[in-house]
>>> print(open('start_19.pdb').read())   # PDB, C-alpha atoms
ATOM      1  CA  MET Y  31     -94.697 -36.153 -34.779  1.00  0.00           C
ATOM      2  CA  ALA Y  32     -97.870 -38.189 -34.208  1.00  0.00           C
ATOM      3  CA  ARG Y  33    -100.958 -37.867 -36.422  1.00  0.00           C
ATOM      4  CA  TYR Y  34    -104.551 -37.766 -35.199  1.00  0.00           C
ATOM      5  CA  ARG Y  35    -107.984 -37.997 -36.781  1.00  0.00           C
ATOM      6  CA  LYS Y  36    -110.972 -36.079 -35.471  1.00  0.00           C
ATOM      7  CA  LYS Y  37    -113.523 -38.403 -33.885  1.00  0.00           C
ATOM      8  CA  PRO Y  38    -116.858 -38.478 -35.689  1.00  0.00           C
ATOM      9  CA  VAL Y  39    -119.403 -36.550 -33.656  1.00  0.00           C
ATOM     10  CA  GLU Y  40    -122.843 -35.179 -34.373  1.00  0.00           C
ATOM     11  CA  ILE Y  41    -123.591 -31.563 -33.573  1.00  0.00           C
ATOM     12  CA  GLU Y  42    -126.606 -29.315 -33.927  1.00  0.00           C
ATOM     13  CA  ALA Y  43    -126.271 -26.111 -35.936  1.00  0.00           C
ATOM     14  CA  MET Y  44    -128.338 -23.250 -37.288  1.00  0.00           C
ATOM     15  CA  LEU Y  45    -127.385 -20.900 -40.100  1.00  0.00           C
ATOM     16  CA  LEU Y  46    -127.815 -17.156 -39.701  1.00  0.00           C
ATOM     17  CA  PRO Y  47    -128.279 -16.367 -43.411  1.00  0.00           C
ATOM     18  CA  ALA Y  48    -126.246 -13.576 -44.960  1.00  0.00           C
ATOM     19  CA  ASP Y  49    -129.548 -11.841 -45.769  1.00  0.00           C
ATOM     20  CA  ALA Y  50    -131.228 -12.774 -42.492  1.00  0.00           C
ATOM     21  CA  THR Y  51    -134.485 -11.150 -41.568  1.00  0.00           C
ATOM     22  CA  PRO Y  52    -135.034 -10.039 -37.960  1.00  0.00           C
ATOM     23  CA  THR Y  53    -137.279 -13.100 -37.534  1.00  0.00           C
ATOM     24  CA  GLN Y  54    -134.502 -15.473 -38.664  1.00  0.00           C
ATOM     25  CA  GLY Y  55    -132.042 -13.762 -36.337  1.00  0.00           C
ATOM     26  CA  MET Y  56    -134.468 -14.104 -33.437  1.00  0.00           C
ATOM     27  CA  GLU Y  57    -134.920 -17.834 -34.158  1.00  0.00           C
ATOM     28  CA  VAL Y  58    -131.165 -18.379 -33.823  1.00  0.00           C
ATOM     29  CA  TYR Y  59    -131.007 -16.179 -30.717  1.00  0.00           C
ATOM     30  CA  GLN Y  60    -133.899 -17.990 -29.022  1.00  0.00           C
ATOM     31  CA  TRP Y  61    -132.410 -21.403 -29.822  1.00  0.00           C
ATOM     32  CA  VAL Y  62    -129.181 -20.465 -28.046  1.00  0.00           C
ATOM     33  CA  GLU Y  63    -130.982 -18.680 -25.197  1.00  0.00           C
ATOM     34  CA  ASN Y  64    -133.137 -21.749 -24.505  1.00  0.00           C
ATOM     35  CA  TYR Y  65    -129.973 -23.681 -23.607  1.00  0.00           C
ATOM     36  CA  ILE Y  66    -127.644 -21.153 -21.972  1.00  0.00           C
ATOM     37  CA  GLY Y  67    -129.807 -18.146 -21.080  1.00  0.00           C
ATOM     38  CA  SER Y  68    -129.260 -14.509 -21.848  1.00  0.00           C
ATOM     39  CA  THR Y  69    -126.655 -12.138 -20.506  1.00  0.00           C
ATOM     40  CA  GLN Y  70    -126.045  -8.436 -20.542  1.00  0.00           C
ATOM     41  CA  PRO Y  71    -123.575  -6.879 -23.001  1.00  0.00           C
ATOM     42  CA  ALA Y  72    -119.899  -7.325 -22.190  1.00  0.00           C
ATOM     43  CA  GLY Y  73    -118.572  -4.899 -19.619  1.00  0.00           C
ATOM     44  CA  ASP Y  74    -122.024  -3.411 -19.006  1.00  0.00           C
ATOM     45  CA  GLY Y  75    -123.040  -3.079 -15.390  1.00  0.00           C
ATOM     46  CA  PRO Y  76    -121.985  -4.576 -12.068  1.00  0.00           C
ATOM     47  CA  GLY Y  77    -123.106  -8.138 -12.864  1.00  0.00           C
ATOM     48  CA  TYR Y  78    -120.743  -8.578 -15.820  1.00  0.00           C
ATOM     49  CA  SER Y  79    -118.740 -11.770 -15.699  1.00  0.00           C
ATOM     50  CA  PRO Y  80    -116.434 -12.661 -18.591  1.00  0.00           C
ATOM     51  CA  VAL Y  81    -116.826 -16.372 -17.802  1.00  0.00           C
ATOM     52  CA  ALA Y  82    -120.614 -16.628 -17.428  1.00  0.00           C
ATOM     53  CA  ALA Y  83    -122.164 -18.274 -20.490  1.00  0.00           C
ATOM     54  CA  GLY Y  84    -125.066 -16.538 -22.149  1.00  0.00           C
ATOM     55  CA  VAL Y  85    -126.264 -14.785 -25.280  1.00  0.00           C
ATOM     56  CA  THR Y  86    -127.135 -11.163 -25.984  1.00  0.00           C
ATOM     57  CA  ILE Y  87    -127.658  -8.741 -28.848  1.00  0.00           C
ATOM     58  CA  ASP Y  88    -124.974  -6.124 -29.503  1.00  0.00           C
ATOM     59  CA  PRO Y  89    -126.823  -2.792 -29.385  1.00  0.00           C
ATOM     60  CA  ALA Y  90    -124.270  -1.230 -31.753  1.00  0.00           C
ATOM     61  CA  ASP Y  91    -125.048  -3.474 -34.731  1.00  0.00           C
ATOM     62  CA  GLY Y  92    -127.882  -5.816 -33.694  1.00  0.00           C
ATOM     63  CA  LEU Y  93    -125.779  -8.969 -34.067  1.00  0.00           C
ATOM     64  CA  ILE Y  94    -125.869 -11.947 -31.713  1.00  0.00           C
ATOM     65  CA  VAL Y  95    -123.036 -12.232 -29.180  1.00  0.00           C
ATOM     66  CA  ILE Y  96    -122.398 -15.550 -27.427  1.00  0.00           C
ATOM     67  CA  ARG Y  97    -120.430 -15.392 -24.183  1.00  0.00           C
ATOM     68  CA  THR Y  98    -118.104 -18.387 -23.881  1.00  0.00           C
ATOM     69  CA  LEU Y  99    -115.236 -19.370 -21.619  1.00  0.00           C
ATOM     70  CA  GLU Y 100    -112.938 -18.009 -24.340  1.00  0.00           C
ATOM     71  CA  GLY Y 101    -114.695 -14.628 -24.349  1.00  0.00           C
ATOM     72  CA  ASP Y 102    -117.503 -12.965 -26.252  1.00  0.00           C
ATOM     73  CA  MET Y 103    -117.968 -14.307 -29.801  1.00  0.00           C
ATOM     74  CA  LYS Y 104    -120.008 -12.311 -32.326  1.00  0.00           C
ATOM     75  CA  VAL Y 105    -122.167 -14.179 -34.846  1.00  0.00           C
ATOM     76  CA  SER Y 106    -121.810 -12.497 -38.238  1.00  0.00           C
ATOM     77  CA  LEU Y 107    -124.389 -12.744 -40.984  1.00  0.00           C
ATOM     78  CA  GLY Y 108    -123.696 -15.949 -42.925  1.00  0.00           C
ATOM     79  CA  ASP Y 109    -122.212 -17.778 -39.913  1.00  0.00           C
ATOM     80  CA  TYR Y 110    -123.431 -21.066 -38.500  1.00  0.00           C
ATOM     81  CA  VAL Y 111    -124.064 -21.313 -34.772  1.00  0.00           C
ATOM     82  CA  ILE Y 112    -122.975 -24.697 -33.459  1.00  0.00           C
ATOM     83  CA  ARG Y 113    -124.086 -26.486 -30.314  1.00  0.00           C
ATOM     84  CA  GLY Y 114    -121.112 -28.701 -29.515  1.00  0.00           C
ATOM     85  CA  VAL Y 115    -120.874 -32.103 -27.885  1.00  0.00           C
ATOM     86  CA  GLN Y 116    -120.766 -30.620 -24.375  1.00  0.00           C
ATOM     87  CA  GLY Y 117    -123.653 -28.207 -24.997  1.00  0.00           C
ATOM     88  CA  GLU Y 118    -121.405 -25.232 -25.694  1.00  0.00           C
ATOM     89  CA  PHE Y 119    -122.337 -22.714 -28.406  1.00  0.00           C
ATOM     90  CA  TYR Y 120    -120.047 -20.872 -30.794  1.00  0.00           C
ATOM     91  CA  PRO Y 121    -120.147 -19.308 -34.268  1.00  0.00           C
ATOM     92  CA  CYS Y 122    -118.460 -20.933 -37.252  1.00  0.00           C
ATOM     93  CA  LYS Y 123    -117.664 -19.379 -40.632  1.00  0.00           C
ATOM     94  CA  PRO Y 124    -119.461 -21.106 -43.522  1.00  0.00           C
ATOM     95  CA  ASP Y 125    -116.283 -22.247 -45.308  1.00  0.00           C
ATOM     96  CA  ILE Y 126    -114.942 -23.909 -42.142  1.00  0.00           C
ATOM     97  CA  PHE Y 127    -118.365 -25.453 -41.481  1.00  0.00           C
ATOM     98  CA  ALA Y 128    -118.503 -26.924 -45.011  1.00  0.00           C
ATOM     99  CA  ALA Y 129    -114.972 -28.345 -44.679  1.00  0.00           C
ATOM    100  CA  THR Y 130    -115.664 -29.874 -41.260  1.00  0.00           C
ATOM    101  CA  TYR Y 131    -119.290 -31.060 -41.231  1.00  0.00           C
ATOM    102  CA  GLU Y 132    -121.705 -32.934 -43.444  1.00  0.00           C
ATOM    103  CA  ALA Y 133    -125.457 -33.431 -43.053  1.00  0.00           C
ATOM    104  CA  VAL Y 134    -126.591 -36.500 -41.120  1.00  0.00           C
ATOM    105  CA  THR Y 135    -129.124 -38.607 -42.977  1.00  0.00           C
ATOM    106  CA  GLY Y 136    -131.432 -41.216 -41.543  1.00  0.00           C
TER     107      GLY Y 136
END
>>> encode(input="start_19.pdb", output="structure tokens")
Amino acid sequence: MARYRKKPVEIEAMLLPADATPTQGMEVYQWVENYIGSTQPAGDGPGYSPVAAGVTIDPADGLIVIRTLEGDMKVSLGDYVIRGVQGEFYPCKPDIFAATYEAVTG
């Protein structure tokens, strides 16, 4: 078996705090929307496409949902939202984020 090391890359990320206010949630939503646009809720209406990137708000619970090539990914309170090296967005649990990333200085 071969071993591999993850290449060092810089990403952008925003935290949706566990006690997020609606304003903080909207800041995260708008950041994602500025890059990939908005989309309607999954399975809602004739224009639904499971592969079209976009972001929406789940009307059932008010949480952010990011549509990715892997499907719809819900951003829970306390999650980070990452903009990856190819401009893709996805949520990341805080423990995984802390184990994988460190702040860039300078």
>>> residues_around(input="start_19.pdb", residues="Pro38 of chain Y", least_positions_apart="2", cutoff="12 Å", atoms="all atoms listed in the file", output="ChimeraX atom specification")
/Y:35-36,40-41,115,130-132,134
>>> atom_distance(input="start_19.pdb", atom1="atom CA of Val39 of chain Y", atom2="atom CA of Ala129 of chain Y")
14.4 Å
>>> residues_around(input="start_19.pdb", residues="Ala43 of chain Y", least_positions_apart="3", cutoff="7 Å", atoms="all atoms listed in the file", output="NGL selection string")
:Y and (110-113)
>>> resolve_selection(input="start_19.pdb", expression="the PyMOL selection byres ((chain Y and resi 90-100) around 9)", output="VMD selection string")
chain Y and resid 55 58 to 59 62 68 to 69 71 to 72 80 to 89 101 to 107 118 to 121
>>> write_last_selection(input="start_19.pdb", atoms="C-alpha atoms", output="PDB file, in the coordinates of the input")
ATOM      1  CA  GLY Y  55    -132.042 -13.762 -36.337  1.00  0.00           C
ATOM      2  CA  VAL Y  58    -131.165 -18.379 -33.823  1.00  0.00           C
ATOM      3  CA  TYR Y  59    -131.007 -16.179 -30.717  1.00  0.00           C
ATOM      4  CA  VAL Y  62    -129.181 -20.465 -28.046  1.00  0.00           C
ATOM      5  CA  SER Y  68    -129.260 -14.509 -21.848  1.00  0.00           C
ATOM      6  CA  THR Y  69    -126.655 -12.138 -20.506  1.00  0.00           C
ATOM      7  CA  PRO Y  71    -123.575  -6.879 -23.001  1.00  0.00           C
ATOM      8  CA  ALA Y  72    -119.899  -7.325 -22.190  1.00  0.00           C
ATOM      9  CA  PRO Y  80    -116.434 -12.661 -18.591  1.00  0.00           C
ATOM     10  CA  VAL Y  81    -116.826 -16.372 -17.802  1.00  0.00           C
ATOM     11  CA  ALA Y  82    -120.614 -16.628 -17.428  1.00  0.00           C
ATOM     12  CA  ALA Y  83    -122.164 -18.274 -20.490  1.00  0.00           C
ATOM     13  CA  GLY Y  84    -125.066 -16.538 -22.149  1.00  0.00           C
ATOM     14  CA  VAL Y  85    -126.264 -14.785 -25.280  1.00  0.00           C
ATOM     15  CA  THR Y  86    -127.135 -11.163 -25.984  1.00  0.00           C
ATOM     16  CA  ILE Y  87    -127.658  -8.741 -28.848  1.00  0.00           C
ATOM     17  CA  ASP Y  88    -124.974  -6.124 -29.503  1.00  0.00           C
ATOM     18  CA  PRO Y  89    -126.823  -2.792 -29.385  1.00  0.00           C
ATOM     19  CA  GLY Y 101    -114.695 -14.628 -24.349  1.00  0.00           C
ATOM     20  CA  ASP Y 102    -117.503 -12.965 -26.252  1.00  0.00           C
ATOM     21  CA  MET Y 103    -117.968 -14.307 -29.801  1.00  0.00           C
ATOM     22  CA  LYS Y 104    -120.008 -12.311 -32.326  1.00  0.00           C
ATOM     23  CA  VAL Y 105    -122.167 -14.179 -34.846  1.00  0.00           C
ATOM     24  CA  SER Y 106    -121.810 -12.497 -38.238  1.00  0.00           C
ATOM     25  CA  LEU Y 107    -124.389 -12.744 -40.984  1.00  0.00           C
ATOM     26  CA  GLU Y 118    -121.405 -25.232 -25.694  1.00  0.00           C
ATOM     27  CA  PHE Y 119    -122.337 -22.714 -28.406  1.00  0.00           C
ATOM     28  CA  TYR Y 120    -120.047 -20.872 -30.794  1.00  0.00           C
ATOM     29  CA  PRO Y 121    -120.147 -19.308 -34.268  1.00  0.00           C
TER      30      PRO Y 121
END
>>> closest_residue(input="start_19.pdb", among="Y:Ile126, Y:Gly117, Y:Gly108, Y:Asn64", to="Glu42 of chain Y", atoms="only C-alpha atoms")
Y:Gly117
>>> atom_distance(input="start_19.pdb", atom1="atom CA of Tyr65 of chain Y", atom2="atom CA of Cys122 of chain Y")
18.1 Å
>>> residues_around(input="start_19.pdb", residues="Asp109 of chain Y", least_positions_apart="4", cutoff="6 Å", atoms="all atoms listed in the file", output="short mmCIF file (atom, residue, chain, number, x, y, z; two decimals) with C-alpha atoms, in the frame of the given file")
data_model
loop_
_atom_site.label_atom_id
_atom_site.label_comp_id
_atom_site.auth_asym_id
_atom_site.auth_seq_id
_atom_site.Cartn_x
_atom_site.Cartn_y
_atom_site.Cartn_z
CA LEU Y 46 -127.82 -17.16 -39.70
CA CYS Y 122 -118.46 -20.93 -37.25
CA LYS Y 123 -117.66 -19.38 -40.63
CA PRO Y 124 -119.46 -21.11 -43.52
#
>>> atom_distance(input="start_19.pdb", atom1="atom CA of Arg33 of chain Y", atom2="atom CA of Thr135 of chain Y")
28.9 Å
>>> axis_aligned_box(input="start_19.pdb", around="segment 91-100 of chain Y", padding_each_side="5 Å", output="AutoDock Vina command-line options")
--center_x -120.4 --center_y -11.4 --center_z -28.2 --size_x 24.9 --size_y 25.9 --size_z 23.1
